file upload_20.pdb (PDB, C-alpha atoms)
ATOM      1  CA  MET S  30     202.279 -43.246   8.904
ATOM      2  CA  SER S  31     202.111 -46.992   8.306
ATOM      3  CA  ALA S  32     200.065 -48.947  10.790
ATOM      4  CA  PRO S  33     201.994 -51.711  12.549
ATOM      5  CA  SER S  34     199.056 -54.054  11.905
ATOM      6  CA  LEU S  35     199.863 -54.493   8.197
ATOM      7  CA  ARG S  36     199.776 -58.262   7.680
ATOM      8  CA  ARG S  37     202.449 -58.445   4.967
ATOM      9  CA  VAL S  38     205.130 -56.349   6.636
ATOM     10  CA  ASP S  39     207.640 -57.775   4.154
ATOM     11  CA  MET S  40     205.798 -55.824   1.445
ATOM     12  CA  ALA S  41     205.291 -52.609   3.426
ATOM     13  CA  MET S  42     206.057 -49.338   1.708
ATOM     14  CA  THR S  43     208.011 -46.627   3.466
ATOM     15  CA  ASP S  44     206.309 -43.319   4.226
ATOM     16  CA  GLU S  45     208.299 -41.742   1.390
ATOM     17  CA  GLU S  46     207.140 -44.423  -1.077
ATOM     18  CA  MET S  47     203.505 -43.990  -0.021
ATOM     19  CA  LEU S  48     203.681 -40.206  -0.381
ATOM     20  CA  ARG S  49     205.269 -40.542  -3.825
ATOM     21  CA  ALA S  50     202.522 -43.000  -4.895
ATOM     22  CA  LEU S  51     199.822 -40.598  -3.686
ATOM     23  CA  ASP S  52     201.460 -37.687  -5.477
ATOM     24  CA  GLN S  53     201.811 -39.596  -8.759
ATOM     25  CA  GLY S  54     198.630 -41.703  -8.688
ATOM     26  CA  PHE S  55     195.892 -41.211 -11.242
ATOM     27  CA  VAL S  56     192.568 -42.331  -9.748
ATOM     28  CA  GLY S  57     191.551 -43.569  -6.323
ATOM     29  CA  ARG S  58     188.499 -45.143  -4.796
ATOM     30  CA  LEU S  59     186.587 -43.592  -1.926
ATOM     31  CA  ALA S  60     184.595 -45.896   0.345
ATOM     32  CA  THR S  61     181.786 -44.822   2.655
ATOM     33  CA  VAL S  62     179.015 -46.714   4.424
ATOM     34  CA  ASN S  63     175.295 -46.422   3.653
ATOM     35  CA  GLU S  64     172.704 -45.981   6.379
ATOM     36  CA  ASP S  65     171.911 -49.711   6.271
ATOM     37  CA  GLY S  66     175.602 -50.577   6.765
ATOM     38  CA  SER S  67     176.335 -51.587   3.190
ATOM     39  CA  PRO S  68     179.512 -50.247   1.585
ATOM     40  CA  TYR S  69     179.581 -47.656  -1.180
ATOM     41  CA  CYS S  70     182.743 -47.199  -3.238
ATOM     42  CA  VAL S  71     183.288 -44.690  -6.030
ATOM     43  CA  PRO S  72     186.341 -44.018  -8.264
ATOM     44  CA  LEU S  73     187.452 -40.377  -8.245
ATOM     45  CA  LEU S  74     190.214 -38.153  -9.540
ATOM     46  CA  TYR S  75     192.027 -36.587  -6.612
ATOM     47  CA  ILE S  76     194.689 -34.190  -5.420
ATOM     48  CA  TRP S  77     197.138 -35.074  -2.649
ATOM     49  CA  ALA S  78     198.307 -31.899  -0.873
ATOM     50  CA  ASP S  79     199.049 -30.761   2.670
ATOM     51  CA  ASP S  80     198.716 -34.367   3.928
ATOM     52  CA  GLN S  81     195.095 -34.466   2.764
ATOM     53  CA  ILE S  82     193.148 -36.003  -0.101
ATOM     54  CA  PHE S  83     191.009 -33.506  -2.013
ATOM     55  CA  LEU S  84     188.158 -34.722  -4.228
ATOM     56  CA  HIS S  85     185.132 -33.238  -5.887
ATOM     57  CA  GLY S  86     181.692 -34.236  -7.028
ATOM     58  CA  THR S  87     178.363 -32.748  -7.943
ATOM     59  CA  SER S  88     176.464 -30.608  -5.489
ATOM     60  CA  ALA S  89     173.355 -32.714  -6.246
ATOM     61  CA  ARG S  90     172.688 -34.900  -3.228
ATOM     62  CA  GLY S  91     173.431 -38.561  -3.891
ATOM     63  CA  HIS S  92     174.921 -41.589  -2.146
ATOM     64  CA  LEU S  93     178.232 -39.921  -1.334
ATOM     65  CA  GLN S  94     176.813 -36.774   0.239
ATOM     66  CA  ALA S  95     174.167 -38.693   2.169
ATOM     67  CA  ASN S  96     176.734 -41.129   3.549
ATOM     68  CA  LEU S  97     179.177 -38.377   4.550
ATOM     69  CA  ALA S  98     176.449 -36.309   6.216
ATOM     70  CA  ARG S  99     175.634 -39.306   8.396
ATOM     71  CA  ASP S 100     179.208 -40.530   9.016
ATOM     72  CA  PRO S 101     182.363 -38.660   7.914
ATOM     73  CA  ARG S 102     184.631 -41.707   8.315
ATOM     74  CA  VAL S 103     186.046 -42.845   4.972
ATOM     75  CA  CYS S 104     188.616 -45.096   3.391
ATOM     76  CA  PHE S 105     190.524 -44.055   0.262
ATOM     77  CA  GLU S 106     192.436 -46.572  -1.851
ATOM     78  CA  LEU S 107     194.958 -46.073  -4.637
ATOM     79  CA  ASP S 108     196.596 -48.878  -6.589
ATOM     80  CA  GLU S 109     198.932 -49.106  -9.530
ATOM     81  CA  PRO S 110     199.385 -52.485 -11.208
ATOM     82  CA  ASP S 111     202.633 -53.332 -12.952
ATOM     83  CA  GLU S 112     203.384 -56.620 -14.749
ATOM     84  CA  VAL S 113     202.174 -60.159 -14.160
ATOM     85  CA  PHE S 114     205.022 -62.650 -13.740
ATOM     86  CA  ASP S 115     205.524 -66.393 -13.273
ATOM     87  CA  TYR S 116     207.386 -67.692 -10.239
ATOM     88  CA  GLY S 117     206.699 -71.433 -10.536
ATOM     89  CA  ARG S 118     205.751 -74.338 -12.808
ATOM     90  CA  PHE S 119     201.962 -74.130 -12.486
ATOM     91  CA  GLU S 120     199.446 -71.479 -13.615
ATOM     92  CA  CYS S 121     198.618 -70.672 -10.003
ATOM     93  CA  ASP S 122     202.285 -69.815  -9.384
ATOM     94  CA  THR S 123     201.723 -66.334 -10.816
ATOM     95  CA  GLY S 124     202.301 -62.964  -9.183
ATOM     96  CA  LEU S 125     201.525 -59.331  -9.877
ATOM     97  CA  ALA S 126     203.917 -56.463  -9.338
ATOM     98  CA  TYR S 127     201.992 -53.518  -7.864
ATOM     99  CA  ARG S 128     201.815 -50.790  -5.268
ATOM    100  CA  SER S 129     198.797 -49.920  -3.190
ATOM    101  CA  VAL S 130     198.085 -47.257  -0.562
ATOM    102  CA  ILE S 131     195.065 -47.209   1.748
ATOM    103  CA  LEU S 132     194.146 -44.172   3.843
ATOM    104  CA  PHE S 133     191.655 -43.978   6.702
ATOM    105  CA  GLY S 134     190.259 -40.741   8.046
ATOM    106  CA  ASN S 135     187.430 -38.251   8.061
ATOM    107  CA  MET S 136     185.978 -36.260   5.207
ATOM    108  CA  ARG S 137     184.679 -32.721   5.371
ATOM    109  CA  ILE S 138     183.267 -30.343   2.799
ATOM    110  CA  ALA S 139     185.640 -27.512   1.885
ATOM    111  CA  GLU S 140     183.058 -24.773   1.413
ATOM    112  CA  ASP S 141     185.170 -21.653   0.985
ATOM    113  CA  ALA S 142     185.563 -20.315  -2.549
ATOM    114  CA  ALA S 143     189.352 -19.962  -2.241
ATOM    115  CA  THR S 144     189.787 -23.695  -1.518
ATOM    116  CA  MET S 145     187.437 -24.626  -4.331
ATOM    117  CA  GLN S 146     189.359 -22.393  -6.765
ATOM    118  CA  TRP S 147     192.699 -23.783  -5.526
ATOM    119  CA  PHE S 148     191.410 -27.363  -5.944
ATOM    120  CA  CYS S 149     190.212 -26.790  -9.510
ATOM    121  CA  GLU S 150     193.526 -25.160 -10.458
ATOM    122  CA  ARG S 151     195.452 -28.130  -9.040
ATOM    123  CA  LEU S 152     193.082 -30.603 -10.672
ATOM    124  CA  MET S 153     193.640 -29.019 -14.103
ATOM    125  CA  ALA S 154     197.390 -28.846 -13.522
ATOM    126  CA  LYS S 155     197.387 -32.592 -12.815
ATOM    127  CA  TYR S 156     194.815 -33.828 -15.350
ATOM    128  CA  GLY S 157     194.363 -31.058 -17.931
ATOM    129  CA  LYS S 158     196.073 -30.710 -21.275
ATOM    130  CA  PRO S 159     199.116 -28.458 -20.798
ATOM    131  CA  ASP S 160     198.961 -27.059 -24.338
ATOM    132  CA  SER S 161     195.285 -26.116 -24.187
ATOM    133  CA  ILE S 162     194.402 -22.658 -25.487
ATOM    134  CA  ARG S 163     191.332 -22.399 -23.224
ATOM    135  CA  PRO S 164     191.282 -19.721 -20.496
ATOM    136  CA  LYS S 165     193.280 -20.845 -17.458
ATOM    137  CA  ASN S 166     192.009 -20.765 -13.873
ATOM    138  CA  PHE S 167     188.467 -19.792 -14.848
ATOM    139  CA  PHE S 168     185.824 -22.091 -13.327
ATOM    140  CA  PRO S 169     182.336 -20.625 -13.771
ATOM    141  CA  ARG S 170     180.573 -23.654 -12.263
ATOM    142  CA  LEU S 171     182.070 -23.688  -8.763
ATOM    143  CA  ASP S 172     178.551 -23.334  -7.402
ATOM    144  CA  VAL S 173     177.519 -26.767  -8.753
ATOM    145  CA  ILE S 174     180.403 -28.812  -7.326
ATOM    146  CA  VAL S 175     181.409 -29.864  -3.853
ATOM    147  CA  VAL S 176     185.058 -30.112  -2.859
ATOM    148  CA  TYR S 177     185.854 -32.641  -0.147
ATOM    149  CA  ALA S 178     188.965 -32.715   2.029
ATOM    150  CA  MET S 179     190.018 -35.902   3.802
ATOM    151  CA  THR S 180     192.005 -35.627   6.999
ATOM    152  CA  VAL S 181     194.218 -38.719   7.117
ATOM    153  CA  GLU S 182     194.405 -40.533  10.441
ATOM    154  CA  ARG S 183     196.133 -43.695   9.274
ATOM    155  CA  MET S 184     197.858 -44.827   6.096
ATOM    156  CA  THR S 185     199.220 -48.181   4.958
ATOM    157  CA  GLY S 186     201.011 -49.158   1.783
ATOM    158  CA  LYS S 187     202.114 -52.399   0.168
ATOM    159  CA  GLN S 188     204.115 -53.129  -2.913
ATOM    160  CA  ARG S 189     205.522 -56.062  -4.771
ATOM    161  CA  LEU S 190     208.336 -55.105  -7.080
ATOM    162  CA  LEU S 191     208.748 -56.874 -10.405
ATOM    163  CA  PRO S 192     211.490 -59.469  -9.910
ATOM    164  CA  GLU S 193     214.460 -59.481 -12.242
ATOM    165  CA  LEU S 194     214.203 -62.118 -15.001
ATOM    166  CA  SER S 195     216.853 -64.141 -13.161
ATOM    167  CA  GLU S 196     214.419 -64.359 -10.204
ATOM    168  CA  GLN S 197     211.386 -65.409 -12.313
ATOM    169  CA  TRP S 198     210.427 -68.851 -13.559
ATOM    170  CA  PRO S 199     211.971 -70.731 -15.347
ATOM    171  CA  ALA S 200     215.311 -69.199 -14.306
ATOM    172  CA  LYS S 201     214.316 -69.715 -10.666
ATOM    173  CA  ASP S 202     211.616 -72.159  -9.601
ATOM    174  CA  ARG S 203     209.585 -70.936  -6.619
ATOM    175  CA  THR S 204     206.703 -73.385  -7.061
ATOM    176  CA  ARG S 205     204.612 -73.296  -3.894
ATOM    177  CA  THR S 206     203.650 -76.989  -4.026
ATOM    178  CA  PRO S 207     206.841 -78.583  -5.351
ATOM    179  CA  ASP S 208     205.636 -82.230  -5.286
ATOM    180  CA  ALA S 209     202.344 -81.582  -7.128
ATOM    181  CA  ARG S 210     201.669 -83.475 -10.361
ATOM    182  CA  PRO S 211     199.124 -82.301 -12.954
ATOM    183  CA  THR S 212     196.016 -84.483 -13.188
ATOM    184  CA  ALA S 213     194.508 -85.463 -16.549
ATOM    185  CA  PHE S 214     191.835 -82.762 -16.076
ATOM    186  CA  SER S 215     194.336 -80.000 -15.183
ATOM    187  CA  ALA S 216     196.556 -81.006 -18.108
ATOM    188  CA  GLY S 217     193.679 -80.248 -20.488
ATOM    189  CA  GLN S 218     192.592 -83.845 -21.139
ATOM    190  CA  MET S 219     189.064 -85.152 -20.591
TER     191      MET S 219
END
call {"tool": "encode", "arguments": {"input": "upload_20.pdb", "output": "structure tokens"}}
result
Amino acid sequence: MSAPSLRRVDMAMTDEEMLRALDQGFVGRLATVNEDGSPYCVPLLYIWADDQIFLHGTSARGHLQANLARDPRVCFELDEPDEVFDYGRFECDTGLAYRSVILFGNMRIAEDAATMQWFCERLMAKYGKPDSIRPKNFFPRLDVIVVYAMTVERMTGKQRLLPELSEQWPAKDRTRTPDARPTAFSAGQM
């Protein structure tokens, strides 16, 4: 599913790695475009199933519903940061281990009660407390939510794995500007 246009192909995730990240991820960000062309991005809990992203929100009309009614094209992003690490002698020679998946596609409203019930059950299985004594699979407010389903047309993923200590500075010096010398200002002197 990766697009060949990914700039950092050396960091590209395999399809299997992207699917695992989507399955295990916690929160993603959904981007739409307002009528005036400005972007709108909102963080949402989600379910990845059947090669689709499922989300929910209020049935009250707001930015998200208005944008989707006008244009169903969306972008969904998931990222998981890991550790920050040094790879060279200077502060700017710092990297972040992470993985990130970006999906492009179209969003539709899943209006049937069975899909809404299924979504809420999956959402609670993923995010709910497993030892809760509350009634399971009972959602009396289905009429005040909207469940969205994103059909994925394209997916890209990048990751930078945390290097072993033997590959990090000072064990290995990967300074990007090896001949640079700190100035009095950059060394903390005035």
call {"tool": "residues_near_point", "arguments": {"input": "upload_20.pdb", "point": "(184.2, -45.3, -7.7)", "cutoff": "7 Å", "atoms": "all atoms listed in the file", "output": "NGL selection string"}}
result
:S and (58-59 or 70-73)
call {"tool": "resolve_selection", "arguments": {"input": "upload_20.pdb", "expression": "the PyMOL selection byres ((chain S and resi 141) around 12)", "output": "PyMOL selection string"}}
result
chain S and resi 137-140+142-148+171-172+174-178
call {"tool": "atom_distance", "arguments": {"input": "upload_20.pdb", "atom1": "atom CA of S:Tyr156", "atom2": "atom CA of S:Pro101"}}
result
26.8 Å
call {"tool": "atom_distance", "arguments": {"input": "upload_20.pdb", "atom1": "atom CA of S:Pro199", "atom2": "atom CA of S:Tyr116"}}
result
7.5 Å
call {"tool": "resolve_selection", "arguments": {"input": "upload_20.pdb", "expression": "the PyMOL selection byres ((chain S and resi 88) around 7)", "output": "list in words"}}
result
Gly86, Thr87, Ala89, Arg90, Val173, Ile174 and Val175 of chain S
call {"tool": "residues_around", "arguments": {"input": "upload_20.pdb", "residues": "S:Leu132", "least_positions_apart": "3", "cutoff": "7 Å", "atoms": "all atoms listed in the file", "output": "number ranges by chain"}}
result
S: 104-106, 181, 183-185
call {"tool": "closest_residue", "arguments": {"input": "upload_20.pdb", "among": "S:Arg163, S:Arg118, S:Arg128, S:Arg37", "to": "S:Gly54", "atoms": "all atoms listed in the file"}}
result
S:Arg128
call {"tool": "atom_distance", "arguments": {"input": "upload_20.pdb", "atom1": "atom CA of S:Glu196", "atom2": "atom CA of S:Glu112"}}
result
14.2 Å
call {"tool": "residues_around", "arguments": {"input": "upload_20.pdb", "residues": "S:Met153", "least_positions_apart": "3", "cutoff": "12 Å", "atoms": "all atoms listed in the file", "output": "list of chain:residue names"}}
result
S:Leu74, S:Tyr75, S:Ile76, S:Gln146, S:Trp147, S:Phe148, S:Cys149, S:Glu150, S:Tyr156, S:Gly157, S:Lys158, S:Pro159, S:Asp160, S:Ser161, S:Arg163, S:Pro164, S:Lys165, S:Asn166, S:Phe167, S:Phe168
call {"tool": "closest_residue", "arguments": {"input": "upload_20.pdb", "among": "S:Ile131, S:Leu194, S:Ile162, S:Ala200", "to": "S:Met47", "atoms": "all atoms listed in the file"}}
result
S:Ile131
call {"tool": "closest_residue", "arguments": {"input": "upload_20.pdb", "among": "S:Lys155, S:Arg170, S:Arg210, S:Arg102", "to": "S:Gly134", "atoms": "only C-alpha atoms"}}
result
S:Arg102
call {"tool": "build_atoms", "arguments": {"input": "upload_20.pdb", "residues": "stretch 78-99 of chain S", "atoms": "N, CA and C atoms", "output": "PDB file, in the frame of the given file"}}
result
ATOM      1  N   ALA S  78     197.594 -33.129  -1.251  1.00  0.00           N
ATOM      2  CA  ALA S  78     198.307 -31.899  -0.873  1.00  0.00           C
ATOM      3  C   ALA S  78     198.107 -31.653   0.616  1.00  0.00           C
ATOM      4  N   ASP S  79     199.125 -31.118   1.255  1.00  0.00           N
ATOM      5  CA  ASP S  79     199.049 -30.761   2.670  1.00  0.00           C
ATOM      6  C   ASP S  79     198.589 -31.938   3.526  1.00  0.00           C
ATOM      7  N   ASP S  80     199.063 -33.140   3.202  1.00  0.00           N
ATOM      8  CA  ASP S  80     198.716 -34.367   3.928  1.00  0.00           C
ATOM      9  C   ASP S  80     197.224 -34.636   3.954  1.00  0.00           C
ATOM     10  N   GLN S  81     196.525 -34.234   2.896  1.00  0.00           N
ATOM     11  CA  GLN S  81     195.095 -34.466   2.764  1.00  0.00           C
ATOM     12  C   GLN S  81     194.785 -34.926   1.342  1.00  0.00           C
ATOM     13  N   ILE S  82     193.683 -35.641   1.209  1.00  0.00           N
ATOM     14  CA  ILE S  82     193.148 -36.003  -0.101  1.00  0.00           C
ATOM     15  C   ILE S  82     192.027 -35.018  -0.397  1.00  0.00           C
ATOM     16  N   PHE S  83     192.068 -34.411  -1.566  1.00  0.00           N
ATOM     17  CA  PHE S  83     191.009 -33.506  -2.013  1.00  0.00           C
ATOM     18  C   PHE S  83     190.316 -34.144  -3.209  1.00  0.00           C
ATOM     19  N   LEU S  84     188.985 -34.133  -3.187  1.00  0.00           N
ATOM     20  CA  LEU S  84     188.158 -34.722  -4.228  1.00  0.00           C
ATOM     21  C   LEU S  84     187.036 -33.761  -4.562  1.00  0.00           C
ATOM     22  N   HIS S  85     186.316 -34.046  -5.615  1.00  0.00           N
ATOM     23  CA  HIS S  85     185.132 -33.238  -5.887  1.00  0.00           C
ATOM     24  C   HIS S  85     184.044 -34.097  -6.507  1.00  0.00           C
ATOM     25  N   GLY S  86     182.849 -33.578  -6.437  1.00  0.00           N
ATOM     26  CA  GLY S  86     181.692 -34.236  -7.028  1.00  0.00           C
ATOM     27  C   GLY S  86     180.613 -33.194  -7.248  1.00  0.00           C
ATOM     28  N   THR S  87     179.478 -33.650  -7.702  1.00  0.00           N
ATOM     29  CA  THR S  87     178.363 -32.748  -7.943  1.00  0.00           C
ATOM     30  C   THR S  87     177.753 -32.268  -6.627  1.00  0.00           C
ATOM     31  N   SER S  88     177.152 -31.105  -6.685  1.00  0.00           N
ATOM     32  CA  SER S  88     176.464 -30.608  -5.489  1.00  0.00           C
ATOM     33  C   SER S  88     175.090 -31.253  -5.332  1.00  0.00           C
ATOM     34  N   ALA S  89     174.626 -31.984  -6.355  1.00  0.00           N
ATOM     35  CA  ALA S  89     173.355 -32.714  -6.246  1.00  0.00           C
ATOM     36  C   ALA S  89     173.519 -33.823  -5.218  1.00  0.00           C
ATOM     37  N   ARG S  90     172.574 -33.922  -4.305  1.00  0.00           N
ATOM     38  CA  ARG S  90     172.688 -34.900  -3.228  1.00  0.00           C
ATOM     39  C   ARG S  90     172.508 -36.316  -3.771  1.00  0.00           C
ATOM     40  N   GLY S  91     173.467 -37.163  -3.477  1.00  0.00           N
ATOM     41  CA  GLY S  91     173.431 -38.561  -3.891  1.00  0.00           C
ATOM     42  C   GLY S  91     173.966 -39.438  -2.778  1.00  0.00           C
ATOM     43  N   HIS S  92     174.402 -40.648  -3.140  1.00  0.00           N
ATOM     44  CA  HIS S  92     174.921 -41.589  -2.146  1.00  0.00           C
ATOM     45  C   HIS S  92     176.066 -40.995  -1.326  1.00  0.00           C
ATOM     46  N   LEU S  93     177.040 -40.413  -2.020  1.00  0.00           N
ATOM     47  CA  LEU S  93     178.232 -39.921  -1.334  1.00  0.00           C
ATOM     48  C   LEU S  93     177.883 -38.858  -0.306  1.00  0.00           C
ATOM     49  N   GLN S  94     177.157 -37.847  -0.696  1.00  0.00           N
ATOM     50  CA  GLN S  94     176.813 -36.774   0.239  1.00  0.00           C
ATOM     51  C   GLN S  94     175.969 -37.290   1.403  1.00  0.00           C
ATOM     52  N   ALA S  95     175.015 -38.151   1.104  1.00  0.00           N
ATOM     53  CA  ALA S  95     174.167 -38.693   2.169  1.00  0.00           C
ATOM     54  C   ALA S  95     174.993 -39.504   3.164  1.00  0.00           C
ATOM     55  N   ASN S  96     175.897 -40.317   2.660  1.00  0.00           N
ATOM     56  CA  ASN S  96     176.734 -41.129   3.549  1.00  0.00           C
ATOM     57  C   ASN S  96     177.649 -40.261   4.407  1.00  0.00           C
ATOM     58  N   LEU S  97     178.257 -39.246   3.806  1.00  0.00           N
ATOM     59  CA  LEU S  97     179.177 -38.377   4.550  1.00  0.00           C
ATOM     60  C   LEU S  97     178.446 -37.505   5.569  1.00  0.00           C
ATOM     61  N   ALA S  98     177.225 -37.107   5.265  1.00  0.00           N
ATOM     62  CA  ALA S  98     176.449 -36.309   6.216  1.00  0.00           C
ATOM     63  C   ALA S  98     176.134 -37.132   7.466  1.00  0.00           C
ATOM     64  N   ARG S  99     175.942 -38.426   7.284  1.00  0.00           N
ATOM     65  CA  ARG S  99     175.634 -39.306   8.396  1.00  0.00           C
ATOM     66  C   ARG S  99     176.883 -39.752   9.139  1.00  0.00           C
TER      67      ARG S  99
END
